[in-house]
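Have a look at query-v9.cif; it's mmCIF, C-alpha atoms:
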data_model
#
loop_
_atom_site.label_atom_id
_atom_site.label_comp_id
_atom_site.auth_asym_id
_atom_site.auth_seq_id
_atom_site.Cartn_x
_atom_site.Cartn_y
_atom_site.Cartn_z
CA VAL A 1 34.45 -21.81 61.56
CA TRP A 2 32.46 -20.49 58.60
CA ARG A 3 34.04 -23.11 56.29
CA CYS A 4 33.25 -25.88 58.79
CA GLN A 5 29.62 -24.73 58.99
CA THR A 6 29.39 -24.65 55.21
CA ILE A 7 30.67 -28.22 54.87
CA ILE A 8 28.29 -29.49 57.55
CA GLY A 9 25.40 -27.65 55.91
CA LEU A 10 26.00 -29.40 52.61
CA PHE A 11 24.89 -32.69 54.15
CA PHE A 12 21.89 -31.39 56.06
CA SER A 13 18.34 -32.15 54.99
CA LEU A 14 15.56 -29.92 56.33
CA SER A 15 11.91 -30.44 55.50
CA VAL A 16 8.60 -28.96 56.62
CA GLN A 17 5.53 -31.04 55.82
CA PRO A 18 3.11 -29.91 54.69
CA SER A 19 4.94 -26.90 53.34
CA ARG A 20 1.60 -25.25 52.44
CA ALA A 21 -1.23 -25.64 54.95
CA LEU A 22 -3.97 -23.85 56.83
CA VAL A 23 -2.87 -21.95 59.92
CA ASP A 24 -4.71 -24.40 62.18
CA GLU A 25 -2.95 -27.45 60.73
CA LYS A 26 0.11 -28.94 62.36
CA PHE A 27 3.33 -29.39 60.43
CA ILE A 28 6.32 -31.69 60.89
CA VAL A 29 9.78 -30.11 60.94
CA LEU A 30 12.44 -32.73 60.28
CA VAL A 31 16.23 -32.38 60.17
CA GLN A 32 18.20 -35.33 58.81
CA ASN A 33 21.80 -36.23 57.94
CA ALA A 34 23.33 -34.25 60.77
CA PRO A 35 26.31 -35.67 62.68
CA PRO A 36 25.09 -37.79 65.64
CA GLY A 37 24.96 -35.67 68.80
CA PHE A 38 25.14 -32.46 66.78
CA GLN A 39 23.73 -29.47 68.69
CA MET A 40 21.57 -27.19 66.63
CA THR A 41 19.07 -24.37 66.85
CA ILE A 42 15.91 -24.58 64.74
CA HIS A 43 14.68 -21.05 64.12
CA SER A 44 11.53 -19.58 62.59
CA LEU A 45 11.25 -16.05 61.20
CA HIS A 46 8.23 -14.18 59.89
CA HIS A 47 8.09 -10.67 58.43
CA SER A 48 4.59 -9.36 59.13
CA GLU A 49 2.57 -7.02 56.93
CA ASP A 50 3.13 -4.08 59.28
CA GLY A 51 6.87 -4.26 58.76
CA HIS A 52 7.82 -6.05 61.96
CA SER A 53 9.79 -9.28 62.27
CA TRP A 54 8.92 -12.17 64.57
CA GLU A 55 11.07 -15.12 65.60
CA ALA A 56 10.96 -18.32 67.62
CA PHE A 57 13.57 -21.00 68.19
CA GLY A 58 14.31 -24.25 69.96
CA HIS A 59 17.55 -25.95 70.96
CA TYR A 60 17.95 -29.56 69.87
CA THR A 61 20.53 -32.36 69.71
CA ALA A 62 20.58 -34.85 66.85
CA ASP A 63 20.05 -38.49 67.79
CA ALA A 64 22.27 -41.43 66.82
CA THR A 65 20.87 -41.37 63.29
CA GLY A 66 21.57 -37.64 62.89
CA THR A 67 17.88 -36.75 63.07
CA VAL A 68 15.79 -34.15 64.89
CA ASN A 69 12.01 -34.36 64.63
CA VAL A 70 10.45 -31.28 66.23
CA SER A 71 7.17 -33.18 66.67
CA GLN A 72 8.85 -35.82 68.83
CA ASP A 73 12.07 -34.44 70.26
CA HIS A 74 12.65 -32.18 73.24
CA SER A 75 13.81 -28.62 72.93
CA VAL A 76 16.16 -27.90 75.82
CA GLY A 77 15.89 -24.13 75.49
CA GLY A 78 14.86 -21.20 73.33
CA THR A 79 11.44 -19.56 73.16
CA TYR A 80 9.88 -22.89 74.15
CA SER A 81 11.02 -26.10 75.77
CA GLY A 82 9.96 -29.74 75.75
CA VAL A 83 8.16 -31.55 72.94
CA GLU A 84 6.27 -28.78 71.16
CA PRO A 85 5.38 -29.64 67.54
CA MET A 86 4.11 -26.10 66.88
CA GLY A 87 6.36 -24.14 69.21
CA LEU A 88 8.04 -22.50 66.23
CA LEU A 89 4.73 -20.72 65.59
CA TRP A 90 2.94 -20.10 68.87
CA SER A 91 6.09 -18.84 70.61
CA LEU A 92 6.88 -16.29 67.89
CA ARG A 93 7.91 -12.97 69.43
CA PRO A 94 9.19 -9.67 68.06
CA VAL A 95 12.89 -9.81 67.25
CA PRO A 96 15.24 -7.88 69.58
CA GLY A 97 15.13 -4.16 68.91
CA SER A 98 11.48 -4.14 67.82
CA LYS A 99 8.89 -1.69 69.08
CA SER A 100 7.31 -2.60 72.39
CA TRP A 101 3.80 -3.96 72.88
CA LEU A 102 3.29 -5.46 69.42
CA ARG A 103 0.49 -7.85 68.54
CA PHE A 104 0.53 -10.15 65.51
CA ARG A 105 -2.51 -10.02 63.21
CA LYS A 106 -2.81 -11.12 59.58
CA MET A 107 -4.94 -8.59 57.73
CA ASN A 108 -4.54 -9.71 54.10
CA VAL A 109 -5.97 -13.22 54.04
CA GLU A 110 -5.40 -13.60 50.29
CA THR A 111 -1.67 -14.01 50.87
CA PRO A 112 -0.02 -16.61 53.10
CA MET A 113 1.86 -16.12 56.31
CA GLU A 114 5.35 -17.05 55.16
CA VAL A 115 7.63 -18.54 57.79
CA ALA A 116 11.32 -19.20 57.14
CA ILE A 117 12.50 -22.26 59.07
CA SER A 118 16.29 -22.40 59.44
CA VAL A 119 18.96 -24.47 61.16
CA TYR A 120 21.98 -22.97 62.95
CA GLN A 121 24.96 -24.73 64.47
CA GLY A 122 25.00 -24.78 68.26
CA HIS A 123 22.45 -23.51 70.72
CA GLN A 124 22.06 -19.90 69.67
CA THR A 125 19.97 -17.06 71.05
CA VAL A 126 21.15 -14.22 68.80
CA PHE A 127 20.94 -14.70 65.05
CA VAL A 128 22.39 -11.52 63.59
CA ASP A 129 25.51 -12.38 61.55
CA GLN A 130 24.97 -16.11 62.16
CA VAL A 131 25.31 -18.44 59.17
CA GLN A 132 22.32 -20.65 58.35
CA LEU A 133 23.17 -24.27 57.66
CA THR A 134 19.95 -24.72 55.70
CA SER A 135 16.54 -23.05 55.38
CA VAL A 136 13.08 -23.62 53.89
CA VAL A 137 9.94 -21.50 53.70
CA ALA A 138 6.55 -22.73 54.91
CA GLU A 139 3.26 -21.10 53.89
CA ARG A 140 0.40 -20.81 56.37
CA TRP A 141 -2.98 -19.89 54.90
CA TYR A 142 -6.30 -18.69 56.31
CA MET A 143 -8.03 -19.30 52.98
CA ALA A 144 -8.08 -22.87 51.67
CA PRO A 145 -7.92 -23.40 47.89
CA GLY A 146 -11.30 -22.63 46.35
CA VAL A 147 -12.56 -20.36 49.14
CA ARG A 148 -14.13 -17.22 47.70
CA ARG A 149 -13.70 -13.76 49.22
CA ILE A 150 -16.54 -11.37 48.34
CA PRO A 151 -16.59 -7.74 49.59
CA VAL A 152 -20.08 -6.67 50.70
CA THR A 153 -21.25 -3.05 50.54
CA GLU A 154 -24.97 -3.32 49.86
CA SER A 155 -27.51 -2.11 52.44
CA ASP A 156 -24.82 0.10 54.00
CA LEU A 157 -22.94 -2.95 55.29
CA THR A 158 -19.16 -2.99 55.58
CA ALA A 159 -18.41 -6.68 55.45
CA THR A 160 -16.70 -9.52 53.62
CA LEU A 161 -18.35 -12.83 52.78
CA PHE A 162 -16.23 -15.97 52.60
CA LEU A 163 -17.75 -18.93 50.80
CA PRO A 164 -16.38 -22.49 50.92
CA PRO A 165 -15.60 -24.27 47.67
CA GLY A 166 -18.46 -26.25 46.19
CA PRO A 167 -22.09 -25.65 45.23
CA GLY A 168 -23.55 -25.23 48.72
CA PRO A 169 -25.76 -24.18 50.31
CA PHE A 170 -23.59 -23.88 53.39
CA PRO A 171 -24.39 -23.09 57.03
CA GLY A 172 -23.76 -19.42 57.77
CA VAL A 173 -21.80 -17.63 60.49
CA LEU A 174 -22.04 -13.93 61.32
CA ASP A 175 -18.56 -13.11 62.65
CA LEU A 176 -17.93 -10.09 64.91
CA TRP A 177 -14.63 -8.98 66.41
CA GLY A 178 -13.82 -6.81 69.41
CA GLY A 179 -13.57 -3.17 70.31
CA ALA A 180 -10.64 -2.18 68.09
CA GLY A 181 -12.88 -1.74 65.05
CA GLN A 182 -11.91 -2.32 61.42
CA LEU A 183 -12.87 -5.24 59.22
CA VAL A 184 -11.07 -8.29 60.57
CA GLU A 185 -11.30 -11.21 58.17
CA TYR A 186 -8.94 -13.98 59.18
CA ARG A 187 -11.31 -15.97 61.41
CA SER A 188 -14.05 -15.84 58.78
CA ALA A 189 -11.61 -16.98 56.10
CA LEU A 190 -10.62 -19.91 58.28
CA LEU A 191 -14.26 -20.78 59.02
CA ALA A 192 -14.97 -20.88 55.29
CA SER A 193 -12.00 -23.18 54.90
CA HIS A 194 -13.87 -25.56 57.21
CA GLY A 195 -17.18 -25.46 55.36
CA PHE A 196 -19.03 -22.43 56.79
CA ALA A 197 -20.18 -19.40 54.82
CA SER A 198 -18.86 -16.67 57.09
CA LEU A 199 -19.61 -12.96 57.02
CA ALA A 200 -16.94 -10.81 58.69
CA LEU A 201 -18.73 -7.62 59.79
CA ASP A 202 -17.28 -4.23 60.72
CA TYR A 203 -19.71 -2.65 63.18
CA LEU A 204 -17.56 -0.04 64.94
CA THR A 205 -15.90 1.66 61.98
CA PRO A 206 -18.16 0.85 59.01
CA LYS A 207 -18.53 3.32 56.17
CA ILE A 208 -22.00 4.33 57.36
CA THR A 209 -20.56 5.37 60.75
CA LEU A 210 -17.68 7.25 59.16
CA LYS A 211 -20.23 9.04 56.95
CA THR A 212 -22.82 9.92 59.59
CA GLY A 213 -20.74 9.96 62.75
CA LYS A 214 -23.32 7.71 64.41
CA MET A 215 -22.85 4.24 65.81
CA VAL A 216 -24.87 1.48 64.18
CA LYS A 217 -27.95 0.12 65.91
CA ASP A 218 -29.54 -3.31 66.14
CA ASP A 219 -30.99 -3.14 62.65
CA TYR A 220 -27.45 -3.12 61.22
CA PHE A 221 -26.85 -6.61 62.60
CA GLU A 222 -30.29 -7.75 61.48
CA THR A 223 -29.49 -6.51 57.98
CA ALA A 224 -26.27 -8.53 58.00
CA TYR A 225 -28.21 -11.57 59.18
CA LYS A 226 -30.79 -11.16 56.42
CA PHE A 227 -28.00 -10.79 53.86
CA LEU A 228 -26.66 -14.17 54.92
CA GLN A 229 -30.10 -15.70 55.21
CA GLN A 230 -31.08 -14.69 51.68
CA HIS A 231 -27.80 -15.53 49.96
CA PRO A 232 -28.25 -18.40 47.45
CA LYS A 233 -25.12 -20.15 48.73
CA VAL A 234 -26.26 -20.05 52.37
CA SER A 235 -28.73 -22.29 54.14
CA GLY A 236 -30.94 -19.59 55.65
CA CYS A 237 -32.26 -21.75 58.48
CA ARG A 238 -28.76 -22.64 59.73
CA ILE A 239 -26.99 -19.49 60.88
CA ALA A 240 -24.77 -18.90 63.90
CA MET A 241 -23.31 -15.73 65.38
CA MET A 242 -19.82 -15.39 66.88
CA GLY A 243 -18.62 -12.60 69.13
CA LEU A 244 -15.27 -11.81 70.74
CA SER A 245 -14.72 -9.46 73.66
CA TYR A 246 -16.87 -6.33 73.13
CA SER A 247 -19.06 -8.03 70.55
CA THR A 248 -20.13 -10.84 72.87
CA SER A 249 -22.69 -8.50 74.42
CA ILE A 250 -23.99 -7.70 70.93
CA THR A 251 -24.12 -11.38 70.02
CA LEU A 252 -26.06 -12.29 73.15
CA LYS A 253 -28.32 -9.27 72.82
CA MET A 254 -29.32 -10.17 69.27
CA ALA A 255 -29.71 -13.86 70.11
CA ILE A 256 -32.03 -13.04 73.00
CA TYR A 257 -34.08 -10.04 71.90
CA SER A 258 -34.09 -9.82 68.10
CA GLU A 259 -37.36 -10.75 66.41
CA VAL A 260 -35.56 -11.01 63.08
CA MET A 261 -32.56 -13.16 63.92
CA LYS A 262 -33.38 -16.80 64.57
CA LEU A 263 -29.95 -18.18 65.36
CA SER A 264 -29.18 -21.88 65.39
CA CYS A 265 -26.41 -21.29 67.93
CA ALA A 266 -24.01 -18.66 69.25
CA VAL A 267 -20.33 -18.60 70.25
CA CYS A 268 -19.04 -15.98 72.69
CA THR A 269 -15.34 -15.68 73.55
CA SER A 270 -13.88 -13.57 76.36
CA GLY A 271 -17.01 -11.51 76.98
CA ILE A 272 -19.59 -10.42 79.50
CA ASP A 273 -23.37 -10.42 79.62
CA LEU A 274 -23.93 -6.81 80.70
CA LEU A 275 -26.77 -5.01 78.94
CA SER A 276 -24.64 -1.92 78.45
CA ILE A 277 -20.91 -1.34 78.70
CA THR A 278 -20.90 2.20 77.40
CA LYS A 279 -19.93 3.56 80.83
CA VAL A 280 -16.60 1.76 80.73
CA LYS A 281 -14.10 4.49 79.85
CA MET A 282 -10.48 4.48 78.78
CA LEU A 283 -8.29 5.48 81.70
CA GLU A 284 -5.01 7.27 81.00
CA ASN A 285 -2.15 4.74 80.98
CA ALA A 286 -4.46 2.06 82.39
CA ALA A 287 -3.38 -1.51 81.77
CA ILE A 288 -6.16 -3.54 83.41
CA TYR A 289 -9.83 -2.95 82.64
CA ARG A 290 -11.48 -5.98 84.21
CA ASP A 291 -11.71 -4.30 87.62
CA LEU A 292 -13.96 -1.63 86.13
CA LEU A 293 -16.58 -4.35 85.59
CA LEU A 294 -16.32 -5.91 89.05
CA PRO A 295 -18.19 -6.94 90.96
CA VAL A 296 -20.45 -8.37 88.27
CA PRO A 297 -23.84 -6.68 88.81
CA THR A 298 -26.54 -8.73 90.46
CA ASP A 299 -29.32 -6.39 89.35
CA PRO A 300 -31.11 -8.21 86.49
CA GLY A 301 -31.92 -4.84 84.93
CA MET A 302 -28.24 -4.26 84.24
CA LYS A 303 -27.66 -7.58 82.50
CA LEU A 304 -28.81 -9.36 79.39
CA ASP A 305 -31.58 -11.78 80.24
CA VAL A 306 -29.74 -14.95 79.18
CA GLY A 307 -32.56 -16.88 80.78
CA ARG A 308 -34.54 -16.09 77.62
CA LEU A 309 -31.92 -17.57 75.32
CA GLN A 310 -33.37 -20.28 73.09
CA CYS A 311 -30.36 -21.47 71.09
CA PRO A 312 -27.25 -23.41 72.12
CA LEU A 313 -24.45 -21.19 73.42
CA LEU A 314 -20.73 -21.93 73.53
CA LEU A 315 -19.02 -19.70 76.07
CA ILE A 316 -15.20 -19.57 76.02
CA VAL A 317 -13.29 -17.80 78.79
CA GLY A 318 -9.71 -17.47 79.95
CA GLU A 319 -9.35 -17.56 83.73
CA ASP A 320 -6.49 -15.04 83.59
CA ASP A 321 -8.43 -12.57 81.42
CA GLN A 322 -7.21 -9.15 82.58
CA ASN A 323 -9.31 -7.17 80.10
CA TRP A 324 -12.89 -8.27 80.80
CA ALA A 325 -14.41 -9.91 83.85
CA ALA A 326 -15.20 -12.88 81.61
CA PRO A 327 -14.50 -15.66 84.16
CA GLU A 328 -16.74 -14.02 86.76
CA SER A 329 -19.48 -13.33 84.23
CA ALA A 330 -19.40 -16.97 83.11
CA GLN A 331 -20.47 -18.02 86.59
CA ASP A 332 -23.75 -16.13 86.26
CA GLU A 333 -26.59 -18.39 87.43
CA MET A 334 -29.33 -16.68 85.42
CA MET A 335 -29.60 -19.54 82.91
CA GLU A 336 -29.66 -22.11 85.70
CA GLN A 337 -32.45 -20.25 87.45
CA ALA A 338 -34.41 -19.89 84.21
CA GLY A 339 -34.12 -23.57 83.38
CA ASN A 340 -32.23 -23.19 80.10
CA SER A 341 -28.71 -24.01 81.30
CA HIS A 342 -28.90 -27.18 79.19
CA LEU A 343 -28.21 -24.89 76.22
CA LEU A 344 -24.86 -23.78 77.63
CA THR A 345 -21.44 -25.28 76.92
CA LEU A 346 -18.73 -23.60 78.98
CA LEU A 347 -15.02 -23.86 78.17
CA SER A 348 -12.95 -22.29 80.94
CA TYR A 349 -9.16 -22.34 80.60
CA PRO A 350 -6.69 -21.76 83.48
CA ASN A 351 -3.78 -19.35 82.93
CA THR A 352 -5.39 -18.17 79.70
CA GLY A 353 -5.84 -14.53 78.77
CA HIS A 354 -8.33 -12.45 76.81
CA LEU A 355 -7.10 -12.79 73.21
CA ILE A 356 -8.11 -16.36 72.39
CA GLU A 357 -7.19 -16.60 68.71
CA PRO A 358 -7.03 -19.43 66.14
CA PRO A 359 -4.49 -22.18 66.90
CA TYR A 360 -0.75 -21.45 66.93
CA SER A 361 -1.29 -17.68 66.84
CA PRO A 362 1.48 -15.89 68.80
CA HIS A 363 0.40 -14.98 72.31
CA ALA A 364 0.39 -11.32 73.35
CA ARG A 365 0.12 -10.95 77.11
CA ALA A 366 -0.07 -7.19 76.60
CA SER A 367 -0.17 -4.94 73.55
CA ARG A 368 -0.92 -1.43 72.44
CA PHE A 369 -4.64 -0.86 71.82
CA LYS A 370 -5.72 1.63 69.14
CA SER A 371 -2.26 3.23 69.44
CA VAL A 372 -3.51 4.90 72.61
CA VAL A 373 -2.88 2.71 75.63
CA VAL A 374 -1.13 -0.51 76.54
CA VAL A 375 -3.64 -3.13 77.62
CA LEU A 376 -2.85 -6.17 79.73
CA TRP A 377 -4.70 -9.12 78.17
CA GLY A 378 -3.31 -11.81 80.47
CA GLY A 379 -2.35 -15.42 79.98
CA ASP A 380 0.72 -17.63 80.28
CA THR A 381 2.14 -18.32 76.82
CA VAL A 382 2.16 -22.13 77.01
CA ALA A 383 -1.24 -22.50 78.69
CA HIS A 384 -2.78 -19.84 76.47
CA SER A 385 -1.51 -21.58 73.34
CA ARG A 386 -2.90 -24.91 74.51
CA ALA A 387 -6.25 -23.22 75.12
CA GLN A 388 -6.33 -21.66 71.65
CA GLU A 389 -5.82 -25.05 70.02
CA ASP A 390 -8.43 -26.79 72.17
CA ALA A 391 -11.02 -24.00 71.95
CA TRP A 392 -10.80 -23.83 68.15
CA ARG A 393 -11.23 -27.58 67.77
CA LYS A 394 -14.26 -27.54 70.05
CA THR A 395 -15.69 -24.43 68.38
CA LEU A 396 -15.64 -26.17 65.00
CA ALA A 397 -17.23 -29.27 66.55
CA PHE A 398 -19.93 -27.12 68.19
CA LEU A 399 -20.74 -25.37 64.93
CA ARG A 400 -20.88 -28.65 63.01
CA GLU A 401 -23.13 -30.18 65.64
CA ASN A 402 -25.60 -27.32 65.62
CA LEU A 403 -25.44 -26.20 61.99
CA TYR A 404 -24.88 -29.36 60.00
CA SER A 405 -27.19 -31.68 61.92
CA ARG A 406 -30.85 -31.74 60.94
CA LYS A 407 -31.90 -31.08 64.51
CA ASN A 408 -29.96 -28.97 66.95
CA SER A 409 -28.29 -31.15 69.54
CA ILE A 410 -28.26 -29.87 73.10
CA ALA A 411 -24.94 -30.07 74.91
CA PRO A 412 -24.73 -30.15 78.71
CA VAL A 413 -22.79 -27.55 80.62
CA ARG A 414 -19.19 -28.72 80.89
CA GLU A 415 -16.07 -27.01 82.11
CA ILE A 416 -12.56 -27.73 80.92
#
In structure tokens, what does this structure look like?
Amino acid sequence: VWRCQTIIGLFFSLSVQPSRALVDEKFIVLVQNAPPGFQMTIHSLHHSEDGHSWEAFGHYTADATGTVNVSQDHSVGGTYSGVEPMGLLWSLRPVPGSKSWLRFRKMNVETPMEVAISVYQGHQTVFVDQVQLTSVVAERWYMAPGVRRIPVTESDLTATLFLPPGPGPFPGVLDLWGGAGQLVEYRSALLASHGFASLALDYLTPKITLKTGKMVKDDYFETAYKFLQQHPKVSGCRIAMMGLSYSTSITLKMAIYSEVMKLSCAVCTSGIDLLSITKVKMLENAAIYRDLLLPVPTDPGMKLDVGRLQCPLLLIVGEDDQNWAAPESAQDEMMEQAGNSHLLTLLSYPNTGHLIEPPYSPHARASRFKSVVVVLWGGDTVAHSRAQEDAWRKTLAFLRENLYSRKNSIAPVREI
């Protein structure tokens, strides 16, 4: 059998185009010169920076010309089924025997995510001791060629600035992540790859907090804004702010109340508009936190006064978010009552969970949070992956509309 596989493999042609691309770009996986009707498994494997391995695979049958095109042909089984051009990425899961409750995150954006694409004979589900017929490696990058990564430590900031290639000046984005802390750079790197000067900001575990033991206050975010505003490569009158999960409240708070920050627009993903969420506590072995925030308060004194918002807002929510009461919060009528709902664009995705990441990122329905507790994030893998792709495309369009145009355009409220 091994000799037969070797002979067959000699005639196979496997290509991935483009072999080097940004993580939000599609690729074409093409197998040629196989025997007509040949059953095969196309398999992807990634070894992540934290030492874990991730795999995905689809089951295919070569057509009369001996060809399988993953972008056009149906997978009849595996970690995904049907015509899924990027299923080899978004359906990546920890290999059998891995630790439970893992979540994939790329922390070093200066190196690519390397994915080995391989072909096996037959419709396989276990790949240990299986012989590859052929294999190639594809590189997926968050940083496009020419993007500059600049660590920022002045003014007690813990941040990284990503600048697009070219002379600038570029529109700016202040990029905040969720409640896990640390400096998370991959979204900012990807934003810079699309023409935005993006500042990834650590606000929960910055050096100043580790030194003093005190959480940062509003002036920390205003300092970060002024850093962007005054940078020679940034257009100081065209700055947006992005928040995810915990940081959506910060984003909205600064957009509404800050006298320093004059934002051109804001993007909030999987968040709530409560004025304070400090009373939400970790519960031992708890998996679902959204119920702690329900019902959404009706007392205006407990919520951010989004009726005072003066810049366009893109609000992205997953309707199966099990971490925050984001879908319920998105139905708040405060902006409608205040007469500024014309500033709101709402993207609401069915069967989508809390962790809405850049396109083709592996979906984690649940994962360990801060090594303390397993959190249920929610979402169906296929629907969630569709939502990630659509939300990213519309986020980039929203930012271009409001940061690159001379005059901010106002988008009507629309639900998807």
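Selection result for the displayed file, with the PyMOL selection byres ((chain A and resi 385) around 8) as criterion, is Trp90, Pro359, Tyr360, Ser361, Pro362, His363, Thr381, Val382, Ala383, His384, Arg386, Ala387, Gln388 and Glu389 of chain A.
In this comparison, which uses all atoms listed in the file, the residue of A:Ser329, A:Ser235, A:Thr134, A:Ser245 approaching Gln32 in chain A most closely is A:Thr134.
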One residue among A:Leu204, A:Val136, A:Leu92, A:Ile356 is nearest to Val16 in chain A when using only C-alpha atoms, and that residue is A:Val136
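Residue membership of the PyMOL selection byres ((chain A and resi 370-379) around 7) in the shown file amounts to Ala180, Asn285, Ala286, Ala287, Ile288, Asp320, Asp321, Gln322, Asn323, Asn351, Thr352, Gly353, His354, Leu355, Arg365, Ala366, Ser367, Arg368, Phe369, Asp380, Thr381 and His384 of chain A.
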Fewer than 2 positions away in the same chain doesn't count, so skip those; otherwise give me all residues within 12 Å of Gly195 in chain A, counting all atoms listed in the file, as number ranges by chain. A: 143-144, 146-148, 162-173, 188-193, 197-198, 233-234, 396-397, 399-400, 403-404
Selection result for the PyMOL selection byres ((chain A and resi 63) around 9) on this file, as a PyMOL selection string: chain A and resi 34-38+61-62+64-68
Please provide as a PDB file with C-alpha atoms, keeping the file's coordinate frame all residues within 10 Å of range 254-267 of chain A, with the sequence filter that same-chain residues fewer than 6 positions apart are discarded (counting only C-alpha atoms).
ATOM      1  CA  PRO A 171     -24.390 -23.090  57.030  1.00  0.00           C
ATOM      2  CA  GLY A 172     -23.760 -19.420  57.770  1.00  0.00           C
ATOM      3  CA  VAL A 173     -21.800 -17.630  60.490  1.00  0.00           C
ATOM      4  CA  LEU A 174     -22.040 -13.930  61.320  1.00  0.00           C
ATOM      5  CA  ASP A 175     -18.560 -13.110  62.650  1.00  0.00           C
ATOM      6  CA  ASP A 218     -29.540  -3.310  66.140  1.00  0.00           C
ATOM      7  CA  ASP A 219     -30.990  -3.140  62.650  1.00  0.00           C
ATOM      8  CA  PHE A 221     -26.850  -6.610  62.600  1.00  0.00           C
ATOM      9  CA  GLU A 222     -30.290  -7.750  61.480  1.00  0.00           C
ATOM     10  CA  THR A 223     -29.490  -6.510  57.980  1.00  0.00           C
ATOM     11  CA  ALA A 224     -26.270  -8.530  58.000  1.00  0.00           C
ATOM     12  CA  TYR A 225     -28.210 -11.570  59.180  1.00  0.00           C
ATOM     13  CA  LYS A 226     -30.790 -11.160  56.420  1.00  0.00           C
ATOM     14  CA  GLN A 229     -30.100 -15.700  55.210  1.00  0.00           C
ATOM     15  CA  GLY A 236     -30.940 -19.590  55.650  1.00  0.00           C
ATOM     16  CA  CYS A 237     -32.260 -21.750  58.480  1.00  0.00           C
ATOM     17  CA  ARG A 238     -28.760 -22.640  59.730  1.00  0.00           C
ATOM     18  CA  ILE A 239     -26.990 -19.490  60.880  1.00  0.00           C
ATOM     19  CA  ALA A 240     -24.770 -18.900  63.900  1.00  0.00           C
ATOM     20  CA  MET A 241     -23.310 -15.730  65.380  1.00  0.00           C
ATOM     21  CA  MET A 242     -19.820 -15.390  66.880  1.00  0.00           C
ATOM     22  CA  GLY A 243     -18.620 -12.600  69.130  1.00  0.00           C
ATOM     23  CA  LEU A 244     -15.270 -11.810  70.740  1.00  0.00           C
ATOM     24  CA  THR A 248     -20.130 -10.840  72.870  1.00  0.00           C
ATOM     25  CA  LEU A 304     -28.810  -9.360  79.390  1.00  0.00           C
ATOM     26  CA  ASP A 305     -31.580 -11.780  80.240  1.00  0.00           C
ATOM     27  CA  VAL A 306     -29.740 -14.950  79.180  1.00  0.00           C
ATOM     28  CA  GLY A 307     -32.560 -16.880  80.780  1.00  0.00           C
ATOM     29  CA  ARG A 308     -34.540 -16.090  77.620  1.00  0.00           C
ATOM     30  CA  LEU A 309     -31.920 -17.570  75.320  1.00  0.00           C
ATOM     31  CA  GLN A 310     -33.370 -20.280  73.090  1.00  0.00           C
ATOM     32  CA  CYS A 311     -30.360 -21.470  71.090  1.00  0.00           C
ATOM     33  CA  PRO A 312     -27.250 -23.410  72.120  1.00  0.00           C
ATOM     34  CA  LEU A 313     -24.450 -21.190  73.420  1.00  0.00           C
ATOM     35  CA  LEU A 314     -20.730 -21.930  73.530  1.00  0.00           C
ATOM     36  CA  LEU A 315     -19.020 -19.700  76.070  1.00  0.00           C
ATOM     37  CA  ILE A 316     -15.200 -19.570  76.020  1.00  0.00           C
ATOM     38  CA  LEU A 343     -28.210 -24.890  76.220  1.00  0.00           C
ATOM     39  CA  LEU A 344     -24.860 -23.780  77.630  1.00  0.00           C
ATOM     40  CA  THR A 345     -21.440 -25.280  76.920  1.00  0.00           C
ATOM     41  CA  THR A 395     -15.690 -24.430  68.380  1.00  0.00           C
ATOM     42  CA  PHE A 398     -19.930 -27.120  68.190  1.00  0.00           C
ATOM     43  CA  LEU A 399     -20.740 -25.370  64.930  1.00  0.00           C
ATOM     44  CA  GLU A 401     -23.130 -30.180  65.640  1.00  0.00           C
ATOM     45  CA  ASN A 402     -25.600 -27.320  65.620  1.00  0.00           C
ATOM     46  CA  LEU A 403     -25.440 -26.200  61.990  1.00  0.00           C
ATOM     47  CA  LYS A 407     -31.900 -31.080  64.510  1.00  0.00           C
ATOM     48  CA  ASN A 408     -29.960 -28.970  66.950  1.00  0.00           C
TER      49      ASN A 408
END
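In this structure, CA of Gly97 in chain A sits 24.0 Å away from CA of Met40 in chain A.
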Between A:Ile272, A:Ala138, A:Ile208, A:Val128, which is the closest to Pro96 in chain A once you count all atoms listed in the file? A:Val128
Fewer than 5 positions away in the same chain doesn't count, so skip those; otherwise give me all residues within 8 Å of Val317 in chain A, counting only C-alpha atoms, as an mmCIF file with C-alpha atoms, keeping the file's coordinate frame.
data_model
loop_
_atom_site.group_PDB
_atom_site.id
_atom_site.type_symbol
_atom_site.label_atom_id
_atom_site.label_comp_id
_atom_site.auth_asym_id
_atom_site.auth_seq_id
_atom_site.Cartn_x
_atom_site.Cartn_y
_atom_site.Cartn_z
ATOM 1 C CA THR A 269 -15.340 -15.680 73.550
ATOM 2 C CA SER A 270 -13.880 -13.570 76.360
ATOM 3 C CA GLY A 271 -17.010 -11.510 76.980
ATOM 4 C CA ALA A 326 -15.200 -12.880 81.610
ATOM 5 C CA PRO A 327 -14.500 -15.660 84.160
ATOM 6 C CA ALA A 330 -19.400 -16.970 83.110
ATOM 7 C CA LEU A 346 -18.730 -23.600 78.980
ATOM 8 C CA LEU A 347 -15.020 -23.860 78.170
ATOM 9 C CA SER A 348 -12.950 -22.290 80.940
ATOM 10 C CA TYR A 349 -9.160 -22.340 80.600
ATOM 11 C CA THR A 352 -5.390 -18.170 79.700
ATOM 12 C CA HIS A 354 -8.330 -12.450 76.810
#
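Counting only C-alpha atoms and comparing A:Glu319, A:Glu110, A:Gln39, A:Phe104, the residue that lies closest to Val76 in chain A is A:Gln39.
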Distance CA of Phe12 in chain A-CA of Leu133 in chain A, one decimal place? 7.4 Å
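In this structure, CA of Lys211 in chain A sits 25.5 Å away from CA of Lys253 in chain A.
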